[in-house]
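K.L.:
Here you go, structure_7.cif (mmCIF, C-alpha atoms):
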```
data_final
#
loop_
_atom_site.label_atom_id
_atom_site.label_comp_id
_atom_site.auth_asym_id
_atom_site.auth_seq_id
_atom_site.Cartn_x
_atom_site.Cartn_y
_atom_site.Cartn_z
CA MET A 1 -59.60 308.74 115.35
CA THR A 2 -56.83 308.80 112.78
CA SER A 3 -54.42 305.87 112.87
CA PRO A 4 -51.05 307.00 114.33
CA LEU A 5 -49.24 304.78 111.81
CA THR A 6 -49.73 303.99 108.15
CA ARG A 7 -50.65 300.44 107.23
CA GLN A 8 -47.14 299.79 105.92
CA ASP A 9 -45.72 301.16 109.18
CA ARG A 10 -47.96 298.81 111.14
CA ILE A 11 -46.98 295.77 109.08
CA ALA A 12 -43.30 296.65 109.53
CA ALA A 13 -43.90 297.01 113.27
CA LEU A 14 -45.62 293.60 113.33
CA HIS A 15 -42.63 291.92 111.70
CA ALA A 16 -40.24 293.74 114.04
CA ALA A 17 -42.24 292.76 117.12
CA ALA A 18 -42.28 289.11 116.02
CA LYS A 19 -38.47 289.13 115.86
CA ASP A 20 -38.22 290.75 119.27
CA ARG A 21 -40.64 288.70 121.38
CA ILE A 22 -43.29 286.02 121.47
CA LEU A 23 -46.50 287.72 120.38
CA VAL A 24 -49.76 287.17 122.22
CA LEU A 25 -53.15 286.77 120.57
CA ASP A 26 -56.46 287.33 122.34
CA GLY A 27 -58.72 284.57 123.68
CA SER A 28 -62.23 283.30 123.14
CA TRP A 29 -64.94 285.66 121.94
CA GLY A 30 -67.84 283.26 122.26
CA VAL A 31 -67.46 282.63 125.97
CA MET A 32 -67.12 286.34 126.70
CA ILE A 33 -70.15 287.30 124.61
CA GLN A 34 -72.15 284.55 126.30
CA ARG A 35 -71.31 286.02 129.70
CA ARG A 36 -72.98 289.29 128.69
CA GLY A 37 -76.39 287.59 128.73
CA LEU A 38 -77.56 289.35 125.58
CA ASP A 39 -81.09 288.77 124.30
CA GLU A 40 -82.68 288.68 120.85
CA ALA A 41 -83.16 292.45 120.84
CA ASP A 42 -79.41 292.98 121.25
CA PHE A 43 -78.70 290.83 118.22
CA LEU A 44 -81.42 292.43 116.09
CA GLY A 45 -80.67 296.04 116.99
CA ASP A 46 -82.67 298.63 115.09
CA ARG A 47 -81.55 297.51 111.65
CA PHE A 48 -82.89 293.95 111.79
CA ILE A 49 -86.20 294.38 113.59
CA GLY A 50 -88.68 292.07 111.88
CA HIS A 51 -85.92 289.97 110.30
CA PRO A 52 -87.06 286.35 109.71
CA GLY A 53 -85.84 283.63 112.03
CA GLN A 54 -83.80 283.93 115.22
CA MET A 55 -80.73 286.16 115.25
CA LYS A 56 -79.58 285.36 118.79
CA GLY A 57 -76.43 283.27 118.61
CA ASN A 58 -75.12 285.08 115.54
CA ASN A 59 -72.28 286.73 117.43
CA ASP A 60 -70.83 288.36 114.33
CA ILE A 61 -73.92 290.55 113.86
CA LEU A 62 -73.01 292.34 117.11
CA CYS A 63 -70.40 294.28 115.12
CA ILE A 64 -73.40 296.15 113.73
CA THR A 65 -76.01 295.93 116.48
CA ARG A 66 -73.88 296.14 119.67
CA PRO A 67 -70.52 297.62 118.66
CA ASP A 68 -70.02 298.73 122.27
CA VAL A 69 -69.82 295.08 123.37
CA ILE A 70 -67.26 294.25 120.70
CA ALA A 71 -65.13 297.34 121.37
CA ASP A 72 -65.12 296.49 125.07
CA LEU A 73 -63.87 292.97 124.40
CA HIS A 74 -61.02 294.27 122.25
CA ASP A 75 -60.10 296.58 125.12
CA GLN A 76 -60.25 293.76 127.67
CA TYR A 77 -57.88 291.58 125.68
CA TYR A 78 -55.45 294.38 124.89
CA ALA A 79 -55.47 295.35 128.57
CA ALA A 80 -54.68 291.73 129.46
CA GLY A 81 -51.51 291.88 127.37
CA ALA A 82 -52.55 290.79 123.89
CA ASP A 83 -50.51 292.18 121.00
CA ILE A 84 -53.08 291.02 118.43
CA SER A 85 -56.87 291.02 118.65
CA GLU A 86 -59.15 289.41 116.08
CA THR A 87 -62.13 290.93 114.39
CA ASN A 88 -65.46 289.47 115.49
CA THR A 89 -66.04 288.02 112.00
CA PHE A 90 -65.36 284.30 112.37
CA SER A 91 -68.59 283.32 110.58
CA ALA A 92 -69.04 286.45 108.49
CA THR A 93 -69.25 284.92 105.03
CA THR A 94 -72.24 284.86 102.71
CA ILE A 95 -72.27 281.05 103.00
CA ALA A 96 -72.26 280.85 106.80
CA GLN A 97 -74.69 283.74 107.21
CA GLU A 98 -77.28 281.99 105.04
CA ASP A 99 -78.32 280.30 108.29
CA TYR A 100 -79.54 283.71 109.45
CA TYR A 101 -81.02 284.79 106.10
CA LEU A 102 -78.59 287.68 105.76
CA ASP A 103 -77.84 289.13 102.34
CA ALA A 104 -74.42 290.03 100.93
CA GLN A 105 -74.68 293.68 101.98
CA ALA A 106 -75.30 292.77 105.60
CA VAL A 107 -72.36 290.36 105.53
CA TRP A 108 -70.14 293.04 104.00
CA ASP A 109 -71.16 295.45 106.74
CA ILE A 110 -70.36 292.92 109.49
CA ASN A 111 -66.83 292.56 108.18
CA LEU A 112 -66.32 296.24 107.50
CA GLU A 113 -67.60 297.35 110.91
CA GLY A 114 -65.80 294.51 112.67
CA ALA A 115 -62.53 295.57 111.08
CA LYS A 116 -63.11 299.22 111.96
CA LEU A 117 -63.81 298.34 115.60
CA ALA A 118 -60.63 296.27 115.85
CA ARG A 119 -58.62 298.98 114.06
CA ALA A 120 -59.87 301.71 116.40
CA ALA A 121 -59.11 299.64 119.50
CA ALA A 122 -55.61 298.74 118.28
CA ASP A 123 -54.88 302.38 117.51
CA ARG A 124 -56.09 303.52 120.93
CA TRP A 125 -53.79 301.07 122.68
CA THR A 126 -50.83 301.81 120.42
CA GLU A 127 -51.21 305.51 121.16
CA LYS A 128 -51.50 304.76 124.87
CA GLU A 129 -48.53 302.34 124.91
CA PRO A 130 -46.33 303.14 121.90
CA HIS A 131 -43.62 300.76 123.14
CA LYS A 132 -46.07 297.89 122.59
CA PRO A 133 -47.95 298.41 119.31
CA ARG A 134 -51.24 296.54 118.92
CA PHE A 135 -52.46 294.84 115.77
CA ALA A 136 -55.85 293.88 114.32
CA ALA A 137 -56.23 290.48 112.65
CA GLY A 138 -59.10 289.82 110.28
CA SER A 139 -60.72 286.60 111.48
CA ILE A 140 -61.70 284.28 108.61
CA GLY A 141 -63.38 281.09 109.80
CA PRO A 142 -63.62 277.65 108.21
CA LEU A 143 -67.23 277.82 106.93
CA ASN A 144 -70.04 275.45 107.88
CA LYS A 145 -69.67 273.58 104.57
CA MET A 146 -66.64 271.65 103.34
CA LEU A 147 -65.22 271.03 99.88
CA SER A 148 -63.28 267.86 100.69
CA MET A 149 -66.00 265.90 102.44
CA SER A 150 -69.43 264.69 101.42
CA SER A 151 -72.56 266.34 102.77
CA ASP A 152 -74.42 263.02 102.36
CA VAL A 153 -73.25 259.82 104.05
CA ASN A 154 -74.92 257.83 101.30
CA ASP A 155 -73.13 259.68 98.48
CA PRO A 156 -69.35 260.14 98.83
CA GLY A 157 -69.31 262.52 95.88
CA ALA A 158 -71.99 264.87 97.21
CA ARG A 159 -70.98 268.45 97.99
CA SER A 160 -73.16 271.27 99.27
CA VAL A 161 -70.88 273.95 97.78
CA THR A 162 -68.47 274.31 94.87
CA PHE A 163 -64.93 275.64 94.96
CA ASP A 164 -66.05 278.74 93.07
CA GLN A 165 -68.78 279.45 95.63
CA VAL A 166 -66.36 279.15 98.53
CA TYR A 167 -63.82 281.29 96.68
CA GLU A 168 -66.38 284.04 96.07
CA ALA A 169 -67.56 283.98 99.69
CA TYR A 170 -64.02 284.42 100.97
CA ARG A 171 -63.24 287.04 98.33
CA HIS A 172 -66.21 289.09 99.54
CA GLN A 173 -65.07 288.81 103.17
CA VAL A 174 -61.41 289.57 102.48
CA LYS A 175 -62.20 292.77 100.57
CA ALA A 176 -64.35 294.12 103.41
CA LEU A 177 -61.79 293.25 106.10
CA ASN A 178 -59.04 294.91 104.10
CA GLU A 179 -61.11 298.03 103.52
CA GLY A 180 -61.90 298.17 107.24
CA GLY A 181 -58.21 298.40 108.09
CA VAL A 182 -56.95 295.06 109.44
CA ASP A 183 -53.19 294.49 109.60
CA LEU A 184 -53.22 290.80 108.69
CA TYR A 185 -55.58 287.97 107.79
CA LEU A 186 -56.08 285.04 110.14
CA ILE A 187 -57.50 282.04 108.25
CA GLU A 188 -58.35 279.99 111.31
CA THR A 189 -59.79 276.79 112.72
CA ILE A 190 -59.24 275.11 109.36
CA THR A 191 -60.90 271.71 109.20
CA ASP A 192 -60.75 271.37 105.41
CA THR A 193 -57.54 272.38 103.64
CA LEU A 194 -59.35 272.84 100.33
CA ASN A 195 -61.54 275.53 101.91
CA CYS A 196 -58.34 277.18 103.10
CA LYS A 197 -56.87 277.01 99.60
CA ALA A 198 -59.94 278.76 98.22
CA CYS A 199 -59.37 281.56 100.73
CA ILE A 200 -55.67 281.80 99.88
CA LYS A 201 -56.51 282.03 96.18
CA ALA A 202 -59.07 284.76 96.89
CA ILE A 203 -56.47 286.77 98.80
CA LYS A 204 -53.75 286.33 96.18
CA ASP A 205 -56.08 287.14 93.29
CA LEU A 206 -57.25 290.31 95.01
CA GLU A 207 -53.63 291.35 95.57
CA ASP A 208 -52.95 290.82 91.86
CA GLU A 209 -55.89 293.12 91.18
CA GLY A 210 -54.48 295.88 93.37
CA LEU A 211 -55.79 295.20 96.89
CA PRO A 212 -53.09 296.16 99.40
CA PRO A 213 -51.23 292.97 100.38
CA LEU A 214 -51.32 291.88 104.01
CA PRO A 215 -49.55 289.13 105.98
CA ILE A 216 -51.43 285.82 106.10
CA TRP A 217 -51.60 283.69 109.25
CA ILE A 218 -52.94 280.17 108.67
CA SER A 219 -54.22 278.13 111.61
CA GLY A 220 -55.50 274.58 111.23
CA THR A 221 -57.27 272.30 113.65
CA ILE A 222 -56.16 268.85 114.75
CA THR A 223 -59.42 267.22 115.74
CA ASP A 224 -58.22 264.41 118.04
CA ARG A 225 -55.27 262.30 119.18
CA SER A 226 -54.92 260.84 115.67
CA GLY A 227 -52.96 263.98 114.82
CA ARG A 228 -54.94 264.78 111.70
CA THR A 229 -57.21 267.56 110.52
CA LEU A 230 -60.84 266.69 109.84
CA SER A 231 -60.02 266.32 106.14
CA GLY A 232 -57.32 263.81 107.08
CA GLN A 233 -53.96 265.58 106.89
CA THR A 234 -51.08 265.26 109.31
CA ALA A 235 -49.39 268.39 110.65
CA GLU A 236 -46.56 268.25 108.12
CA GLY A 237 -48.94 267.34 105.31
CA PHE A 238 -51.03 270.38 106.16
CA TRP A 239 -47.96 272.62 106.10
CA ASN A 240 -46.84 271.27 102.73
CA SER A 241 -50.31 272.02 101.35
CA VAL A 242 -50.28 275.71 102.26
CA ARG A 243 -46.61 276.74 102.36
CA HIS A 244 -46.86 278.08 98.79
CA ALA A 245 -48.78 281.02 100.26
CA LYS A 246 -45.59 282.06 102.11
CA PRO A 247 -47.60 282.73 105.28
CA PHE A 248 -46.47 285.10 107.98
CA ALA A 249 -47.35 282.35 110.46
CA ILE A 250 -48.62 278.77 110.50
CA GLY A 251 -50.15 276.96 113.44
CA PHE A 252 -53.02 275.20 115.13
CA ASN A 253 -55.90 276.26 117.31
CA CYS A 254 -59.09 274.89 118.88
CA ALA A 255 -60.27 271.26 119.37
CA LEU A 256 -57.51 270.37 121.83
CA GLY A 257 -56.13 271.80 125.05
CA GLY A 258 -52.48 272.66 125.50
CA GLU A 259 -51.46 269.27 126.86
CA LEU A 260 -52.77 267.33 123.85
CA MET A 261 -51.81 269.93 121.25
CA ARG A 262 -48.10 269.97 122.08
CA PRO A 263 -46.82 267.16 119.80
CA PHE A 264 -48.48 268.71 116.75
CA ILE A 265 -47.07 272.14 117.49
CA ALA A 266 -43.65 270.53 117.94
CA GLU A 267 -43.99 268.89 114.51
CA LEU A 268 -44.87 272.20 112.85
CA SER A 269 -42.01 273.87 114.68
CA ARG A 270 -39.65 271.31 113.18
CA VAL A 271 -40.76 271.66 109.56
CA ALA A 272 -42.08 275.21 109.10
CA ASP A 273 -39.68 277.89 107.89
CA THR A 274 -41.93 280.65 109.14
CA LEU A 275 -43.45 281.72 112.46
CA VAL A 276 -45.32 279.04 114.41
CA ALA A 277 -48.48 280.01 116.28
CA ALA A 278 -50.67 278.10 118.71
CA TYR A 279 -53.78 278.98 120.63
CA PRO A 280 -55.36 275.99 122.38
CA ASN A 281 -58.68 275.64 124.13
CA ALA A 282 -58.81 275.86 127.91
CA GLY A 283 -58.47 272.08 128.09
CA LEU A 284 -61.19 269.76 126.88
CA PRO A 285 -64.87 270.53 127.59
CA ASN A 286 -66.57 268.80 130.49
CA ALA A 287 -69.82 266.83 130.25
CA MET A 288 -71.77 270.11 130.19
CA GLY A 289 -69.66 271.57 127.41
CA GLN A 290 -67.89 273.99 129.75
CA TYR A 291 -64.15 274.54 130.08
CA ASP A 292 -62.66 274.02 133.53
CA GLU A 293 -58.96 274.69 132.89
CA GLN A 294 -57.90 277.67 134.97
CA PRO A 295 -55.81 280.56 133.60
CA HIS A 296 -52.63 279.48 135.38
CA GLU A 297 -53.03 275.94 134.03
CA THR A 298 -53.35 277.07 130.41
CA ALA A 299 -50.40 279.42 130.90
CA HIS A 300 -48.31 276.56 132.33
CA PHE A 301 -48.63 274.51 129.14
CA ILE A 302 -47.92 277.45 126.87
CA GLU A 303 -44.92 278.57 128.94
CA GLU A 304 -43.37 275.12 128.46
CA TRP A 305 -43.84 275.38 124.68
CA ALA A 306 -42.16 278.80 124.74
CA ARG A 307 -39.20 277.68 126.85
CA SER A 308 -38.78 274.66 124.58
CA GLY A 309 -38.43 276.98 121.60
CA LEU A 310 -41.56 275.81 119.80
CA VAL A 311 -43.59 278.98 119.27
CA ASN A 312 -43.57 282.57 118.05
CA ILE A 313 -47.22 283.49 118.68
CA VAL A 314 -49.51 282.17 121.43
CA GLY A 315 -53.02 282.86 122.65
CA GLY A 316 -56.25 281.14 123.60
CA CYS A 317 -59.25 279.60 121.87
CA CYS A 318 -62.49 278.14 123.28
CA GLY A 319 -63.00 278.70 127.00
CA THR A 320 -60.17 281.18 127.42
CA THR A 321 -60.79 284.63 128.88
CA PRO A 322 -58.83 287.86 129.37
CA ASP A 323 -57.55 286.34 132.62
CA HIS A 324 -56.16 283.36 130.70
CA ILE A 325 -54.45 285.74 128.27
CA LYS A 326 -53.05 287.82 131.13
CA HIS A 327 -51.42 284.73 132.63
CA VAL A 328 -50.10 283.60 129.24
CA ALA A 329 -48.64 287.04 128.47
CA GLU A 330 -46.90 287.17 131.83
CA GLU A 331 -45.42 283.67 131.47
CA VAL A 332 -43.91 284.23 128.01
CA ALA A 333 -42.83 287.86 128.51
CA ASP A 334 -39.17 286.99 129.17
CA VAL A 335 -38.87 284.07 126.74
CA PRO A 336 -37.24 284.62 123.33
CA PRO A 337 -39.26 283.65 120.26
CA ARG A 338 -38.58 280.40 118.40
CA ALA A 339 -35.72 280.57 115.92
CA ILE A 340 -36.97 279.91 112.41
CA PRO A 341 -35.10 276.91 110.96
CA GLU A 342 -33.38 276.85 107.60
CA ARG A 343 -34.45 273.70 105.79
CA PRO A 344 -32.67 272.14 102.82
CA VAL A 345 -34.14 272.76 99.39
CA ALA A 346 -36.41 269.88 98.43
CA MET A 347 -39.58 269.06 96.57
CA ARG A 348 -42.19 268.69 99.30
CA LEU A 349 -45.63 267.37 98.42
CA SER A 350 -48.62 266.25 100.40
CA GLY A 351 -51.76 264.25 100.17
CA LEU A 352 -52.87 263.17 103.61
CA GLU A 353 -49.21 262.56 104.54
CA PRO A 354 -46.13 264.53 103.45
CA PHE A 355 -43.71 263.45 100.75
CA GLU A 356 -40.23 264.85 100.39
CA LEU A 357 -37.72 264.40 97.58
CA VAL A 358 -34.28 265.86 98.30
CA ALA A 359 -32.00 266.46 95.33
#
```
Now that the file is in, can you turn its structure into structure tokens?
P.N.:
Amino acid sequence: MTSPLTRQDRIAALHAAAKDRILVLDGSWGVMIQRRGLDEADFLGDRFIGHPGQMKGNNDILCITRPDVIADLHDQYYAAGADISETNTFSATTIAQEDYYLDAQAVWDINLEGAKLARAAADRWTEKEPHKPRFAAGSIGPLNKMLSMSSDVNDPGARSVTFDQVYEAYRHQVKALNEGGVDLYLIETITDTLNCKACIKAIKDLEDEGLPPLPIWISGTITDRSGRTLSGQTAEGFWNSVRHAKPFAIGFNCALGGELMRPFIAELSRVADTLVAAYPNAGLPNAMGQYDEQPHETAHFIEEWARSGLVNIVGGCCGTTPDHIKHVAEEVADVPPRAIPERPVAMRLSGLEPFELVA
């Protein structure tokens, strides 16, 4: 199917929609894939028969081996009211896929096919409901290795990867997602800001080399009530570290439910002169690792954020389903988006905490 809009038309429509209403992202992919009860054969498909090791659990490979499952999930989330659906490529980097012994070509194909599936689904829904255009976000996860933290408790200086290696892994992923047709990049669940910076540099370098530029959405993770990312930054410190990228949106996702995430979203809303996005888990996991928060409960928290003028984009992370997203979309449908503040010109720096010097 040919896209009804050019990429530039879609990006313009995304910016217009963000001014008009609170946008809604999809929910969890992991929980929905788990519900399908897929076996090893589903993950291997025909292409990877005889591949060493276990492939089950590598959800990203389903973009190649069970594209019908992935296309169906895009459709479920769009039907629930999502404006934006992510590609199923959260762990699709050469570094993360080393766990499954996949080579660079296989990783490229995951991203390319994942982007094409998301693009096709978004186009179908935009054609079906032209008053509510749908958008495909290229999901770029945090990696399973960090640049800012030691991989050896006995050696603070130990690192399992270099900046250049992380940069190249993200560069490889970004090129494939762009070629596959995504409308924006979502650098998400960031635990280590230096990893995120490597991804930003990869994107910006590729743009300088002629890759079509796309909006960048950056989403960090506050790991607990301390209010810091895993690499130690506060919400404002995190923003100061990445604002040079001039992101389309900044926000937080994962780790916390809506109730505990609120103060950190409020802090970003205060300091960020761009869109603020938030997609919490369905509460905190229970003793069995399951999420008990019901759709109306998740929607209640997010509705309060919206009516308090804190957010421009909302959605769900771990434990959320199309039903959660349906409730969220309904609750924010009549609420205007957050007004972006104008902040005074200042030199704003960050280490773990922010530093501001006003002229």
K.L.:
Please enumerate the residues selected by the PyMOL selection byres ((chain A and resi 348) around 10) when evaluated against the supplied file, formatted as a ChimeraX atom specification.
P.N.:
/A:236-237,239-241,243,345-347,349-350,354-358
K.L.:
Could you spell out the hits of the PyMOL selection byres ((chain A and resi 315-317) around 6) on the shown file, as an MDAnalysis selection string?
P.N.:
chainID A and resid 24:28 254 279:281 314 318 320
K.L.:
Would you kindly translate the PyMOL selection byres ((chain A and resi 276) around 6) into the concrete residues it picks from this file, as a PyMOL selection string?
P.N.:
chain A and resi 249-251+275+277+311-312
K.L.:
Just the residues within 6 Å of segment 233-235 of chain A, please, counting all atoms listed in the file, with nothing from its chain fewer than 3 positions along; format it as a list in words.
P.N.:
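In the requested form, the answer reads Gly227, Arg228, Thr229, Phe238, Leu352 and Glu353 of chain A.
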K.L.:
May I have the residues within 12 Å of Ala198 of chain A as a ChimeraX atom specification, using only C-alpha atoms and disregarding those fewer than 3 positions away in the same chain?
P.N.:
/A:140,142-143,146-148,161-171,174,187,190,192-195,201-205,242,245
K.L.:
Would you save the residues of that selection, restricted to C-alpha atoms, as a short mmCIF file (atom, residue, chain, number, x, y, z; two decimals), keeping the file's coordinate frame?
P.N.:
```cif
data_model
loop_
_atom_site.label_atom_id
_atom_site.label_comp_id
_atom_site.auth_asym_id
_atom_site.auth_seq_id
_atom_site.Cartn_x
_atom_site.Cartn_y
_atom_site.Cartn_z
CA ILE A 140 -61.70 284.28 108.61
CA PRO A 142 -63.62 277.65 108.21
CA LEU A 143 -67.23 277.82 106.93
CA MET A 146 -66.64 271.65 103.34
CA LEU A 147 -65.22 271.03 99.88
CA SER A 148 -63.28 267.86 100.69
CA VAL A 161 -70.88 273.95 97.78
CA THR A 162 -68.47 274.31 94.87
CA PHE A 163 -64.93 275.64 94.96
CA ASP A 164 -66.05 278.74 93.07
CA GLN A 165 -68.78 279.45 95.63
CA VAL A 166 -66.36 279.15 98.53
CA TYR A 167 -63.82 281.29 96.68
CA GLU A 168 -66.38 284.04 96.07
CA ALA A 169 -67.56 283.98 99.69
CA TYR A 170 -64.02 284.42 100.97
CA ARG A 171 -63.24 287.04 98.33
CA VAL A 174 -61.41 289.57 102.48
CA ILE A 187 -57.50 282.04 108.25
CA ILE A 190 -59.24 275.11 109.36
CA ASP A 192 -60.75 271.37 105.41
CA THR A 193 -57.54 272.38 103.64
CA LEU A 194 -59.35 272.84 100.33
CA ASN A 195 -61.54 275.53 101.91
CA LYS A 201 -56.51 282.03 96.18
CA ALA A 202 -59.07 284.76 96.89
CA ILE A 203 -56.47 286.77 98.80
CA LYS A 204 -53.75 286.33 96.18
CA ASP A 205 -56.08 287.14 93.29
CA VAL A 242 -50.28 275.71 102.26
CA ALA A 245 -48.78 281.02 100.26
#
```
K.L.:
Can you work out the spacing between atom CA of Lys19 of chain A and atom CA of Thr274 of chain A in Å, to one decimal?
P.N.:
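According to the coordinates, atom CA of Lys19 of chain A and atom CA of Thr274 of chain A are separated by 11.4 Å.
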K.L.:
Using all atoms listed in the file for the distances, tell me which of A:Leu214, A:Ala115, A:Ile222, A:Cys63 is nearest to Ala12 of chain A.
P.N.:
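Among A:Leu214, A:Ala115, A:Ile222, A:Cys63, it is A:Leu214 that comes nearest to Ala12 of chain A.
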K.L.:
Excluding Pro215 of chain A and residues on its chain fewer than 5 positions from it, collect all residues at most 7 Å away from it, counting only C-alpha atoms, and give them as a PyMOL selection string.
P.N.:
chain A and resi 184-185+247-248
K.L.:
Of the residues A:Arg225, A:Lys175, A:His51, A:Arg124, which is the one nearest to Pro212 of chain A, using only C-alpha atoms?
P.N.:
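Of A:Arg225, A:Lys175, A:His51, A:Arg124, the one nearest Pro212 of chain A is A:Lys175, counting only C-alpha atoms.
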K.L.:
Supply segment 243-259 of chain A as a short mmCIF file (atom, residue, chain, number, x, y, z; two decimals), in the coordinates of the input, with N, CA and C atoms built in where the input has gaps.
P.N.:
```
data_model
loop_
_atom_site.label_atom_id
_atom_site.label_comp_id
_atom_site.auth_asym_id
_atom_site.auth_seq_id
_atom_site.Cartn_x
_atom_site.Cartn_y
_atom_site.Cartn_z
N ARG A 243 -47.84 275.96 102.27
CA ARG A 243 -46.61 276.74 102.36
C ARG A 243 -46.36 277.61 101.13
N HIS A 244 -47.02 277.26 99.99
CA HIS A 244 -46.86 278.08 98.79
C HIS A 244 -47.36 279.50 98.99
N ALA A 245 -48.24 279.69 99.98
CA ALA A 245 -48.78 281.02 100.26
C ALA A 245 -47.76 281.92 100.96
N LYS A 246 -46.62 281.32 101.37
CA LYS A 246 -45.59 282.06 102.11
C LYS A 246 -46.20 282.81 103.29
N PRO A 247 -46.88 282.07 104.18
CA PRO A 247 -47.60 282.73 105.28
C PRO A 247 -46.67 283.39 106.28
N PHE A 248 -47.14 284.44 106.86
CA PHE A 248 -46.47 285.10 107.98
C PHE A 248 -46.32 284.13 109.15
N ALA A 249 -47.36 283.32 109.37
CA ALA A 249 -47.35 282.35 110.46
C ALA A 249 -48.20 281.15 110.09
N ILE A 250 -47.86 280.00 110.66
CA ILE A 250 -48.62 278.77 110.50
C ILE A 250 -48.83 278.18 111.90
N GLY A 251 -49.94 277.53 112.12
CA GLY A 251 -50.15 276.96 113.44
C GLY A 251 -51.43 276.18 113.56
N PHE A 252 -51.78 275.91 114.82
CA PHE A 252 -53.02 275.20 115.13
C PHE A 252 -53.77 275.91 116.24
N ASN A 253 -55.08 275.74 116.23
CA ASN A 253 -55.90 276.26 117.31
C ASN A 253 -57.10 275.34 117.51
N CYS A 254 -57.81 275.54 118.60
CA CYS A 254 -59.09 274.89 118.88
C CYS A 254 -58.96 273.38 119.05
N ALA A 255 -60.11 272.72 119.26
CA ALA A 255 -60.27 271.26 119.37
C ALA A 255 -59.56 270.65 120.57
N LEU A 256 -58.29 270.97 120.76
CA LEU A 256 -57.51 270.37 121.83
C LEU A 256 -57.05 271.42 122.84
N GLY A 257 -56.78 270.96 124.06
CA GLY A 257 -56.13 271.80 125.05
C GLY A 257 -54.62 271.76 124.85
N GLY A 258 -53.92 272.54 125.65
CA GLY A 258 -52.48 272.66 125.50
C GLY A 258 -51.74 271.34 125.66
N GLU A 259 -52.17 270.52 126.60
CA GLU A 259 -51.46 269.27 126.86
C GLU A 259 -51.48 268.35 125.64
#
```
